[in-house]
Amino acid sequence: MTRVFSGVKPTGHLTLGNYLGALRRWAVEDQHRSDALFCVVDLHALTVDHDPARVRRLSRQAASLMLAAGLDPGLCTVFVQSHVDEHARLSYVLECVATDGETRRMIQYKEKAAREQGRGGSVRLSLLTYPVLMAADVLAYGTDEVPVGNDQAQHVELARDLAVRFNQRYGHTFTVPRATSPAVAARVMNLQEPTSKMGKSDDAGPGIVYLLDEPDVVRKKVMRAVTDSGRDVVHDREERPGLANLLEILAACTGGEPAGLAGAYDSYGTLKKDTAEAVIEVLRPVRERHKELCADPGHVEDVLREGAEKARAMARPTVDAAYRAIGLLPPADAAG
């Protein structure tokens with residue numbers, strides 16, 4: 001079977017964008033058609049200043065929401081990145097293959113480093129190297145496909161480059177992965193700033209719909225969404241980004257097509273109302289299942305423990321092979 005790997009970073013509460021762009025597809029498609037691994041990538045949350053207790057809390061919440069979104073441990077592997085040592089083991093080896101220029105060209109590094117410097121903070125080395133850790137996350141499992149949003153495609157390209165380079169220099173060790181993304185709502189935008197992604201790290205603001213928002217909160221946020229000048233309802237991402245965002249959200253929630261849906265509306269108000277109700281209905285079962293899981297935390301812990309055991313067994317042979325290929329001496333009990 002095709003092997004799929006993807007993850008969620010616990011840097012904020014998961015959003016509608018995380019669900020429509022990733023979680024729902026994992027549950028509805030990927031876990032059924034592939035050998036799939038889905039991970040809370042908590043090590044990536046350490047690349048900027050953070051509250052340790054908050055990272056732990058958000059990691060648990062992310063794992064619960066992944067299950068609430070429909071991931072079935074009987075069909076896929078759900079685990080936490082830091083519970084599987086092979087990620088960190090392979091990351092250093094890949095750092096010895098990657099170049100400084102490659103990591104500095106990453107758009108997210110440039111943006112996050114500038115933001116950190118703008119706040120007067122220092123930029124952590126891990127912020128520069130975390131795309132290599134992300135490559136390790138993917139390559140350790142012989143991954144064929146990485147379902148990601150458009151903003152992460154550059155990181156998958158780096159993983160591909162590192163896999164090819166390693167294979168050429170040291171012998172075939174890694175599968176070369178490819179990025180995949182859904183056709184609609186691959187990148188849900190902020191309702192108040194429709195040229196910016198609806199990012200969970202933003203943490204606050206009326207432009208972000210969180211998966212655990214109450215229906216009245218969702219309704220208020222969508223009804224206050226920024227639209228554009230003009231009265232006609234059309235789907236035009238370049239000229240009418242606010243309107244296009246609402247149409248794409250509605251399409252993703254209802255199974256429609258943005259341009260086709262636009263023709264059914266003659267006012268922004270009706271479009272906003274229908275979009276709000278569609279979002280509420282899509283998120284309702286996720287919120288209800290999450291509530292059940294919170295009442296049984298032992299179940300989530302069991303899933304994560306068993307998932308880490310499965311992931312470790314899958315990753316270790318590849319990482320051990322990479323260590324041998326690059327020239328590291330095996331431990332005495334493994335030699336022979």
# chains A, B, ... in the order shown; residues from 1 in each chain; ligands from 1
call {"tool": "residues_around", "arguments": {"residues": "Gln61 of chain A", "least_positions_apart": "2", "cutoff": "10 Å", "atoms": "only C-alpha atoms", "output": "list of chain:residue names"}}
result
A:Pro10, A:Gly12, A:His13, A:Leu14, A:Val40, A:Val55, A:Arg56, A:Arg57, A:Leu58, A:Ser59, A:Ala63, A:Ser64, A:Leu65, A:Met66, A:Leu67, A:His290, A:Leu293, A:Cys294, A:Val300
call {"tool": "write_last_selection", "arguments": {"atoms": "all heavy atoms", "output": "CSV table (one decimal), in the first residue's frame"}}
result
chain,number,residue,atom,x,y,z
A,10,PRO,N,1.6,21.5,17.6
A,10,PRO,CA,0.8,22.0,18.7
A,10,PRO,C,1.3,23.4,19.2
A,10,PRO,O,1.7,23.6,20.3
A,10,PRO,CB,1.0,20.9,19.8
A,10,PRO,CG,2.4,20.4,19.5
A,10,PRO,CD,2.6,20.4,18.0
A,12,GLY,N,-0.9,26.0,18.7
A,12,GLY,CA,-2.1,26.8,18.9
A,12,GLY,C,-3.3,25.8,18.8
A,12,GLY,O,-3.1,24.7,18.5
A,13,HIS,N,-4.4,26.3,19.1
A,13,HIS,CA,-5.7,25.5,19.0
A,13,HIS,C,-6.0,25.3,17.5
A,13,HIS,O,-5.8,26.2,16.7
A,13,HIS,CB,-6.8,26.2,19.7
A,13,HIS,CG,-6.6,26.5,21.1
A,13,HIS,ND1,-6.7,25.5,22.1
A,13,HIS,CD2,-6.3,27.6,21.8
A,13,HIS,CE1,-6.4,26.0,23.3
A,13,HIS,NE2,-6.2,27.2,23.1
A,14,LEU,N,-6.3,24.0,17.2
A,14,LEU,CA,-6.6,23.7,15.8
A,14,LEU,C,-7.8,24.5,15.2
A,14,LEU,O,-8.8,24.7,15.9
A,14,LEU,CB,-6.8,22.2,15.6
A,14,LEU,CG,-5.6,21.3,16.0
A,14,LEU,CD1,-5.9,19.8,15.7
A,14,LEU,CD2,-4.4,21.7,15.3
A,40,VAL,N,1.4,14.1,16.0
A,40,VAL,CA,1.5,15.4,16.7
A,40,VAL,C,3.0,15.8,16.7
A,40,VAL,O,3.8,15.2,17.5
A,40,VAL,CB,0.9,15.4,18.1
A,40,VAL,CG1,1.1,16.8,18.8
A,40,VAL,CG2,-0.5,15.0,18.1
A,55,VAL,N,2.5,23.7,25.6
A,55,VAL,CA,2.8,22.7,24.5
A,55,VAL,C,2.3,21.3,24.9
A,55,VAL,O,1.7,20.7,24.0
A,55,VAL,CB,4.4,22.6,24.3
A,55,VAL,CG1,4.7,21.5,23.3
A,55,VAL,CG2,4.9,24.0,23.7
A,56,ARG,N,2.5,20.9,26.1
A,56,ARG,CA,1.9,19.6,26.5
A,56,ARG,C,0.4,19.6,26.4
A,56,ARG,O,-0.2,18.6,25.9
A,56,ARG,CB,2.4,19.3,28.0
A,56,ARG,CG,3.8,18.9,28.1
A,56,ARG,CD,4.2,18.3,29.5
A,56,ARG,NE,4.1,19.3,30.5
A,56,ARG,CZ,5.1,20.1,30.9
A,56,ARG,NH1,6.3,19.9,30.3
A,56,ARG,NH2,5.0,20.9,31.8
A,57,ARG,N,-0.2,20.6,26.9
A,57,ARG,CA,-1.7,20.7,26.8
A,57,ARG,C,-2.2,20.7,25.4
A,57,ARG,O,-3.1,20.0,25.1
A,57,ARG,CB,-2.2,22.0,27.6
A,57,ARG,CG,-3.7,22.1,27.7
A,57,ARG,CD,-4.0,23.2,28.6
A,57,ARG,NE,-3.6,24.5,28.1
A,57,ARG,CZ,-2.6,25.3,28.5
A,57,ARG,NH1,-1.9,24.9,29.6
A,57,ARG,NH2,-2.4,26.5,28.0
A,58,LEU,N,-1.6,21.5,24.5
A,58,LEU,CA,-2.0,21.5,23.2
A,58,LEU,C,-1.7,20.2,22.4
A,58,LEU,O,-2.4,19.9,21.5
A,58,LEU,CB,-1.3,22.7,22.4
A,58,LEU,CG,-1.8,24.1,22.9
A,58,LEU,CD1,-1.0,25.2,22.2
A,58,LEU,CD2,-3.3,24.3,22.5
A,59,SER,N,-0.6,19.5,22.8
A,59,SER,CA,-0.3,18.2,22.2
A,59,SER,C,-1.4,17.2,22.5
A,59,SER,O,-1.9,16.5,21.6
A,59,SER,CB,1.0,17.7,22.7
A,59,SER,OG,2.1,18.6,22.3
A,63,ALA,N,-4.0,15.6,19.7
A,63,ALA,CA,-4.2,14.2,19.5
A,63,ALA,C,-5.7,13.8,19.7
A,63,ALA,O,-6.2,13.0,18.9
A,63,ALA,CB,-3.4,13.4,20.5
A,64,SER,N,-6.4,14.4,20.6
A,64,SER,CA,-7.8,14.2,20.8
A,64,SER,C,-8.6,14.6,19.6
A,64,SER,O,-9.6,13.9,19.2
A,64,SER,CB,-8.3,14.8,22.1
A,64,SER,OG,-7.6,14.3,23.3
A,65,LEU,N,-8.3,15.8,19.1
A,65,LEU,CA,-9.0,16.3,18.0
A,65,LEU,C,-8.8,15.5,16.7
A,65,LEU,O,-9.7,15.3,15.9
A,65,LEU,CB,-8.7,17.8,17.7
A,65,LEU,CG,-9.4,18.7,18.7
A,65,LEU,CD1,-8.8,20.1,18.6
A,65,LEU,CD2,-10.9,18.8,18.4
A,66,MET,N,-7.6,15.0,16.5
A,66,MET,CA,-7.3,14.1,15.4
A,66,MET,C,-8.2,12.8,15.5
A,66,MET,O,-8.8,12.4,14.5
A,66,MET,CB,-5.8,13.7,15.4
A,66,MET,CG,-4.9,14.8,15.0
A,66,MET,SD,-3.2,14.5,15.5
A,66,MET,CE,-2.7,13.2,14.4
A,67,LEU,N,-8.4,12.3,16.7
A,67,LEU,CA,-9.3,11.1,16.8
A,67,LEU,C,-10.7,11.6,16.7
A,67,LEU,O,-11.5,10.9,16.0
A,67,LEU,CB,-9.1,10.5,18.2
A,67,LEU,CG,-7.7,9.9,18.5
A,67,LEU,CD1,-7.6,9.4,19.9
A,67,LEU,CD2,-7.4,8.8,17.5
A,290,HIS,N,-15.0,15.0,20.5
A,290,HIS,CA,-13.9,15.5,21.4
A,290,HIS,C,-14.4,15.5,22.9
A,290,HIS,O,-13.6,15.2,23.8
A,290,HIS,CB,-13.5,16.9,20.9
A,290,HIS,CG,-12.4,17.5,21.8
A,290,HIS,ND1,-12.6,18.4,22.8
A,290,HIS,CD2,-11.1,17.3,21.7
A,290,HIS,CE1,-11.5,18.7,23.4
A,290,HIS,NE2,-10.5,18.1,22.7
A,293,LEU,N,-14.1,12.1,24.2
A,293,LEU,CA,-12.7,11.7,24.5
A,293,LEU,C,-12.1,12.3,25.7
A,293,LEU,O,-11.3,11.7,26.4
A,293,LEU,CB,-11.9,12.0,23.2
A,293,LEU,CG,-12.2,11.1,22.0
A,293,LEU,CD1,-11.5,11.7,20.7
A,293,LEU,CD2,-11.7,9.7,22.2
A,294,CYS,N,-12.5,13.6,25.9
A,294,CYS,CA,-12.0,14.3,27.1
A,294,CYS,C,-12.5,13.6,28.4
A,294,CYS,O,-11.8,13.7,29.4
A,294,CYS,CB,-12.4,15.7,27.1
A,294,CYS,SG,-11.5,16.8,25.9
A,300,VAL,N,-7.1,8.0,25.0
A,300,VAL,CA,-6.2,8.7,24.2
A,300,VAL,C,-4.8,8.3,24.5
A,300,VAL,O,-3.9,8.1,23.6
A,300,VAL,CB,-6.4,10.2,24.3
A,300,VAL,CG1,-5.4,11.0,23.5
A,300,VAL,CG2,-7.9,10.6,23.9
call {"tool": "closest_atom_pairs", "arguments": {"of": "segment 99-146 of chain A", "to": "segment 307-322 of chain A", "cutoff": "8 Å", "atoms": "only C-alpha atoms", "output": "Markdown table"}}
result
| residue | atom | partner | partner_atom | distance |
| --- | --- | --- | --- | --- |
| A:Ala140 | CA | A:Ala315 | CA | 5.0 |
| A:Tyr141 | CA | A:Ala315 | CA | 5.1 |
| A:Gly142 | CA | A:Thr318 | CA | 7.6 |
call {"tool": "residues_around", "arguments": {"residues": "segment 176-182 of chain A", "least_positions_apart": "5", "cutoff": "7 Å", "atoms": "only C-alpha atoms", "output": "list of chain:residue names"}}
result
A:Gly21, A:Thr143, A:Asp144, A:Glu145, A:Val146, A:Pro147, A:Val148, A:Gly149, A:Ala153, A:Val156, A:Arg160, A:Ala163, A:Val164
call {"tool": "write_last_selection", "arguments": {"atoms": "C-alpha atoms", "output": "short mmCIF file (atom, residue, chain, number, x, y, z; two decimals), in the first residue's frame"}}
result
data_model
loop_
_atom_site.label_atom_id
_atom_site.label_comp_id
_atom_site.auth_asym_id
_atom_site.auth_seq_id
_atom_site.Cartn_x
_atom_site.Cartn_y
_atom_site.Cartn_z
CA GLY A 21 -7.22 21.40 4.64
CA THR A 143 6.69 7.74 2.94
CA ASP A 144 5.23 7.92 -0.57
CA GLU A 145 2.81 10.82 -0.09
CA VAL A 146 2.70 13.81 2.24
CA PRO A 147 -0.73 15.51 2.30
CA VAL A 148 0.06 19.15 3.07
CA GLY A 149 -1.25 22.66 2.56
CA ALA A 153 5.00 22.17 -0.20
CA VAL A 156 8.36 18.43 1.04
CA ARG A 160 12.75 15.00 -1.77
CA ALA A 163 16.41 11.76 -0.13
CA VAL A 164 17.79 11.88 -3.67
#
call {"tool": "residues_around", "arguments": {"residues": "Ala159 of chain A", "least_positions_apart": "5", "cutoff": "8 Å", "atoms": "only C-alpha atoms", "output": "VMD selection string"}}
result
chain A and resid 132 134 to 136 138 to 139 176 to 177
call {"tool": "write_last_selection", "arguments": {"atoms": "C-alpha atoms", "output": "short mmCIF file (atom, residue, chain, number, x, y, z; two decimals), in the first residue's frame"}}
result
data_model
loop_
_atom_site.label_atom_id
_atom_site.label_comp_id
_atom_site.auth_asym_id
_atom_site.auth_seq_id
_atom_site.Cartn_x
_atom_site.Cartn_y
_atom_site.Cartn_z
CA VAL A 132 15.40 19.02 8.08
CA MET A 134 10.45 17.61 9.00
CA ALA A 135 12.28 15.73 6.26
CA ALA A 136 13.33 13.15 8.85
CA VAL A 138 8.78 11.85 6.41
CA LEU A 139 11.79 9.85 5.26
CA VAL A 176 11.44 9.88 -2.45
CA PRO A 177 8.08 11.33 -1.29
#
call {"tool": "select_by_dssp", "arguments": {"residues": "segment 44-249 of chain A", "states": "alpha helix (DSSP H)", "output": "ChimeraX atom specification"}}
result
/A:52-68,86-95,100-104,107-118,125-139,153-170,215-223,241-249
call {"tool": "closest_residue", "arguments": {"among": "A:Arg187, A:Asn245, A:Leu133, A:Asp302", "to": "Val78 of chain A", "atoms": "only C-alpha atoms"}}
result
A:Asp302
call {"tool": "closest_atom_pairs", "arguments": {"of": "segment 45-141 of chain A", "to": "segment 25-31 of chain A", "cutoff": "12 Å", "atoms": "only C-alpha atoms", "output": "CSV"}}
result
residue,atom,partner,partner_atom,distance
A:Leu65,CA,A:Ala27,CA,11.5
A:Met66,CA,A:Ala27,CA,8.6
A:Leu67,CA,A:Ala27,CA,8.8
A:Ala68,CA,A:Ala27,CA,9.7
A:Ala69,CA,A:Ala27,CA,6.7
A:Gly70,CA,A:Ala27,CA,5.1
A:Leu71,CA,A:Ala27,CA,5.0
A:Asp72,CA,A:Ala27,CA,7.7
A:Pro73,CA,A:Gln31,CA,9.4
A:Gly74,CA,A:Gln31,CA,9.5
A:Leu75,CA,A:Gln31,CA,5.9
A:Cys76,CA,A:Gln31,CA,5.6
A:Thr77,CA,A:Gln31,CA,8.9
A:Val78,CA,A:Gln31,CA,10.6
call {"tool": "write_last_selection", "arguments": {"atoms": "all heavy atoms", "output": "compact mmCIF listing (two decimals), in the first residue's frame"}}
result
# COMPACT_ATOMS: atom_id res chain seq x y z
N LEU A 65 -8.27 15.78 19.09
CA LEU A 65 -9.03 16.30 17.96
C LEU A 65 -8.77 15.48 16.70
O LEU A 65 -9.67 15.33 15.86
CB LEU A 65 -8.69 17.77 17.72
CG LEU A 65 -9.36 18.75 18.68
CD1 LEU A 65 -8.77 20.14 18.55
CD2 LEU A 65 -10.88 18.78 18.43
N MET A 66 -7.58 14.95 16.55
CA MET A 66 -7.31 14.07 15.41
C MET A 66 -8.23 12.84 15.47
O MET A 66 -8.81 12.43 14.47
CB MET A 66 -5.84 13.66 15.41
CG MET A 66 -4.90 14.81 15.02
SD MET A 66 -3.18 14.52 15.49
CE MET A 66 -2.71 13.20 14.37
N LEU A 67 -8.38 12.28 16.66
CA LEU A 67 -9.28 11.15 16.83
C LEU A 67 -10.73 11.58 16.67
O LEU A 67 -11.54 10.87 16.05
CB LEU A 67 -9.06 10.51 18.20
CG LEU A 67 -7.67 9.93 18.45
CD1 LEU A 67 -7.56 9.43 19.89
CD2 LEU A 67 -7.36 8.79 17.47
N ALA A 68 -11.06 12.74 17.19
CA ALA A 68 -12.43 13.25 17.08
C ALA A 68 -12.81 13.52 15.63
O ALA A 68 -13.98 13.41 15.24
CB ALA A 68 -12.60 14.52 17.91
N ALA A 69 -11.82 13.87 14.82
CA ALA A 69 -12.06 14.15 13.40
C ALA A 69 -12.31 12.88 12.60
O ALA A 69 -12.71 12.95 11.44
CB ALA A 69 -10.89 14.91 12.81
N GLY A 70 -12.05 11.72 13.23
CA GLY A 70 -12.37 10.47 12.56
C GLY A 70 -11.21 9.53 12.31
O GLY A 70 -11.40 8.48 11.70
N LEU A 71 -10.01 9.88 12.78
CA LEU A 71 -8.90 8.96 12.62
C LEU A 71 -9.15 7.72 13.49
O LEU A 71 -9.49 7.82 14.66
CB LEU A 71 -7.57 9.61 13.01
CG LEU A 71 -7.09 10.76 12.10
CD1 LEU A 71 -5.70 11.20 12.49
CD2 LEU A 71 -7.13 10.35 10.63
N ASP A 72 -8.98 6.56 12.90
CA ASP A 72 -9.25 5.28 13.56
C ASP A 72 -7.94 4.54 13.77
O ASP A 72 -7.28 4.15 12.80
CB ASP A 72 -10.19 4.46 12.67
CG ASP A 72 -10.56 3.12 13.27
OD1 ASP A 72 -9.97 2.74 14.31
OD2 ASP A 72 -11.44 2.45 12.70
N PRO A 73 -7.51 4.34 15.03
CA PRO A 73 -6.25 3.64 15.30
C PRO A 73 -6.21 2.23 14.72
O PRO A 73 -5.13 1.65 14.57
CB PRO A 73 -6.19 3.61 16.83
CG PRO A 73 -7.05 4.73 17.27
CD PRO A 73 -8.14 4.82 16.27
N GLY A 74 -7.37 1.68 14.39
CA GLY A 74 -7.41 0.38 13.74
C GLY A 74 -7.04 0.44 12.26
O GLY A 74 -6.72 -0.57 11.64
N LEU A 75 -7.10 1.66 11.69
CA LEU A 75 -6.80 1.85 10.28
C LEU A 75 -5.49 2.58 10.04
O LEU A 75 -4.88 2.43 8.97
CB LEU A 75 -7.93 2.64 9.60
CG LEU A 75 -9.32 2.01 9.59
CD1 LEU A 75 -10.33 2.99 9.03
CD2 LEU A 75 -9.31 0.72 8.78
N CYS A 76 -5.07 3.41 11.00
CA CYS A 76 -3.87 4.22 10.82
C CYS A 76 -3.09 4.27 12.12
O CYS A 76 -3.53 3.75 13.15
CB CYS A 76 -4.25 5.63 10.36
SG CYS A 76 -5.20 6.58 11.58
N THR A 77 -1.93 4.89 12.07
CA THR A 77 -1.07 5.02 13.25
C THR A 77 -1.08 6.47 13.72
O THR A 77 -0.73 7.38 12.96
CB THR A 77 0.38 4.60 12.91
OG1 THR A 77 0.36 3.27 12.39
CG2 THR A 77 1.27 4.66 14.14
N VAL A 78 -1.51 6.69 14.95
CA VAL A 78 -1.58 8.03 15.53
C VAL A 78 -0.62 8.08 16.70
O VAL A 78 -0.70 7.24 17.62
CB VAL A 78 -3.02 8.36 16.01
CG1 VAL A 78 -3.07 9.77 16.59
CG2 VAL A 78 -4.01 8.22 14.86
call {"tool": "closest_residue", "arguments": {"among": "A:Leu90, A:Ala45, A:Val218, A:Ala62", "to": "Arg324 of chain A", "atoms": "only C-alpha atoms"}}
result
A:Leu90
call {"tool": "residues_around", "arguments": {"residues": "segment 102-117 of chain A", "least_positions_apart": "4", "cutoff": "10 Å", "atoms": "only C-alpha atoms", "output": "PyMOL selection string"}}
result
chain A and resi 47-49+95+98+121-124+127-132+151-152+154-155+158+161
call {"tool": "select_by_dssp", "arguments": {"residues": "segment 96-304 of chain A", "states": "strand (DSSP E)", "output": "VMD selection string"}}
result
chain A and resid 145 to 147 178 to 180
call {"tool": "write_last_selection", "arguments": {"atoms": "C-alpha atoms", "output": "PDB file, in the first residue's frame"}}
result
ATOM      1  CA  GLU A 145       2.806  10.818  -0.087  1.00  0.00           C
ATOM      2  CA  VAL A 146       2.696  13.810   2.241  1.00  0.00           C
ATOM      3  CA  PRO A 147      -0.734  15.513   2.297  1.00  0.00           C
ATOM      4  CA  ARG A 178       5.667  13.617  -3.088  1.00  0.00           C
ATOM      5  CA  ALA A 179       3.311  16.287  -1.774  1.00  0.00           C
ATOM      6  CA  THR A 180      -0.442  16.000  -2.280  1.00  0.00           C
TER       7      THR A 180
END
call {"tool": "closest_residue", "arguments": {"among": "A:Ala88, A:His44, A:Leu20, A:Lys220", "to": "Thr254 of chain A", "atoms": "only C-alpha atoms"}}
result
A:Leu20
call {"tool": "atom_distance", "arguments": {"atom1": "atom CA of Cys253 of chain A", "atom2": "atom CA of Phe5 of chain A"}}
result
24.1 Å
call {"tool": "atom_distance", "arguments": {"atom1": "atom CA of Thr173 of chain A", "atom2": "atom CA of Ala325 of chain A"}}
result
7.8 Å
call {"tool": "atom_distance", "arguments": {"atom1": "atom CA of Ile280 of chain A", "atom2": "atom CA of Asp236 of chain A"}}
result
24.7 Å
call {"tool": "residues_around", "arguments": {"residues": "Val226 of chain A", "least_positions_apart": "3", "cutoff": "9 Å", "atoms": "only C-alpha atoms", "output": "JSON, numbers by chain"}}
result
{"A": [191, 192, 193, 194, 207, 222, 223, 242, 243]}
call {"tool": "closest_residue", "arguments": {"among": "A:Thr99, A:Gly327, A:Arg237, A:Leu211", "to": "Glu288 of chain A", "atoms": "only C-alpha atoms"}}
result
A:Leu211
call {"tool": "decode", "arguments": {"residues": "segment 100-120 of chain A", "atoms": "N, CA, C and O atoms", "output": "mmCIF file, in the first residue's frame"}}
result
data_model
loop_
_atom_site.group_PDB
_atom_site.id
_atom_site.type_symbol
_atom_site.label_atom_id
_atom_site.label_comp_id
_atom_site.auth_asym_id
_atom_site.auth_seq_id
_atom_site.Cartn_x
_atom_site.Cartn_y
_atom_site.Cartn_z
ATOM 1 N N ASP A 100 23.374 24.864 4.308
ATOM 2 C CA ASP A 100 22.918 26.077 4.984
ATOM 3 C C ASP A 100 22.010 26.896 4.065
ATOM 4 O O ASP A 100 20.973 27.406 4.480
ATOM 5 N N GLY A 101 22.408 26.990 2.795
ATOM 6 C CA GLY A 101 21.623 27.777 1.858
ATOM 7 C C GLY A 101 20.224 27.234 1.654
ATOM 8 O O GLY A 101 19.265 28.003 1.523
ATOM 9 N N GLU A 102 20.090 25.911 1.646
ATOM 10 C CA GLU A 102 18.771 25.306 1.454
ATOM 11 C C GLU A 102 17.811 25.689 2.564
ATOM 12 O O GLU A 102 16.646 26.003 2.315
ATOM 13 N N THR A 103 18.281 25.645 3.788
ATOM 14 C CA THR A 103 17.383 25.941 4.903
ATOM 15 C C THR A 103 17.094 27.437 5.005
ATOM 16 O O THR A 103 15.986 27.830 5.371
ATOM 17 N N ARG A 104 18.062 28.256 4.669
ATOM 18 C CA ARG A 104 17.833 29.705 4.739
ATOM 19 C C ARG A 104 16.889 30.197 3.646
ATOM 20 O O ARG A 104 16.320 31.284 3.771
ATOM 21 N N ARG A 105 16.715 29.426 2.605
ATOM 22 C CA ARG A 105 15.782 29.810 1.545
ATOM 23 C C ARG A 105 14.339 29.481 1.881
ATOM 24 O O ARG A 105 13.419 29.913 1.176
ATOM 25 N N MET A 106 14.108 28.734 2.940
ATOM 26 C CA MET A 106 12.742 28.378 3.299
ATOM 27 C C MET A 106 11.935 29.635 3.636
ATOM 28 O O MET A 106 12.337 30.444 4.477
ATOM 29 N N ILE A 107 10.793 29.779 2.980
ATOM 30 C CA ILE A 107 9.982 30.980 3.167
ATOM 31 C C ILE A 107 9.536 31.124 4.613
ATOM 32 O O ILE A 107 9.567 32.228 5.184
ATOM 33 N N GLN A 108 9.134 30.023 5.239
ATOM 34 C CA GLN A 108 8.664 30.119 6.622
ATOM 35 C C GLN A 108 9.780 30.545 7.561
ATOM 36 O O GLN A 108 9.532 31.253 8.539
ATOM 37 N N TYR A 109 11.021 30.122 7.289
ATOM 38 C CA TYR A 109 12.140 30.563 8.121
ATOM 39 C C TYR A 109 12.303 32.073 8.011
ATOM 40 O O TYR A 109 12.451 32.773 9.025
ATOM 41 N N LYS A 110 12.265 32.584 6.801
ATOM 42 C CA LYS A 110 12.421 34.030 6.605
ATOM 43 C C LYS A 110 11.329 34.805 7.337
ATOM 44 O O LYS A 110 11.599 35.801 8.018
ATOM 45 N N GLU A 111 10.093 34.325 7.199
ATOM 46 C CA GLU A 111 8.973 35.042 7.815
ATOM 47 C C GLU A 111 9.027 34.967 9.337
ATOM 48 O O GLU A 111 8.866 35.995 10.022
ATOM 49 N N LYS A 112 9.264 33.780 9.874
ATOM 50 C CA LYS A 112 9.265 33.622 11.324
ATOM 51 C C LYS A 112 10.483 34.274 11.964
ATOM 52 O O LYS A 112 10.388 34.838 13.062
ATOM 53 N N ALA A 113 11.623 34.215 11.299
ATOM 54 C CA ALA A 113 12.816 34.863 11.834
ATOM 55 C C ALA A 113 12.621 36.375 11.874
ATOM 56 O O ALA A 113 12.977 37.039 12.860
ATOM 57 N N ALA A 114 12.036 36.933 10.816
ATOM 58 C CA ALA A 114 11.782 38.376 10.780
ATOM 59 C C ALA A 114 10.801 38.784 11.876
ATOM 60 O O ALA A 114 10.969 39.826 12.528
ATOM 61 N N ARG A 115 9.783 37.947 12.086
ATOM 62 C CA ARG A 115 8.798 38.241 13.128
ATOM 63 C C ARG A 115 9.443 38.213 14.511
ATOM 64 O O ARG A 115 9.190 39.078 15.349
ATOM 65 N N GLU A 116 10.292 37.214 14.751
ATOM 66 C CA GLU A 116 10.960 37.090 16.044
ATOM 67 C C GLU A 116 11.909 38.255 16.280
ATOM 68 O O GLU A 116 11.964 38.831 17.365
ATOM 69 N N GLN A 117 12.654 38.635 15.265
ATOM 70 C CA GLN A 117 13.567 39.762 15.386
ATOM 71 C C GLN A 117 12.802 41.065 15.581
ATOM 72 O O GLN A 117 13.241 41.948 16.320
ATOM 73 N N GLY A 118 11.648 41.172 14.931
ATOM 74 C CA GLY A 118 10.821 42.362 15.083
ATOM 75 C C GLY A 118 10.310 42.535 16.500
ATOM 76 O O GLY A 118 10.060 43.662 16.948
ATOM 77 N N ARG A 119 10.150 41.409 17.219
ATOM 78 C CA ARG A 119 9.720 41.469 18.621
ATOM 79 C C ARG A 119 10.892 41.689 19.563
ATOM 80 O O ARG A 119 10.705 41.737 20.772
ATOM 81 N N GLY A 120 12.085 41.773 18.998
ATOM 82 C CA GLY A 120 13.268 41.956 19.827
ATOM 83 C C GLY A 120 13.823 40.667 20.384
ATOM 84 O O GLY A 120 14.707 40.682 21.250
#
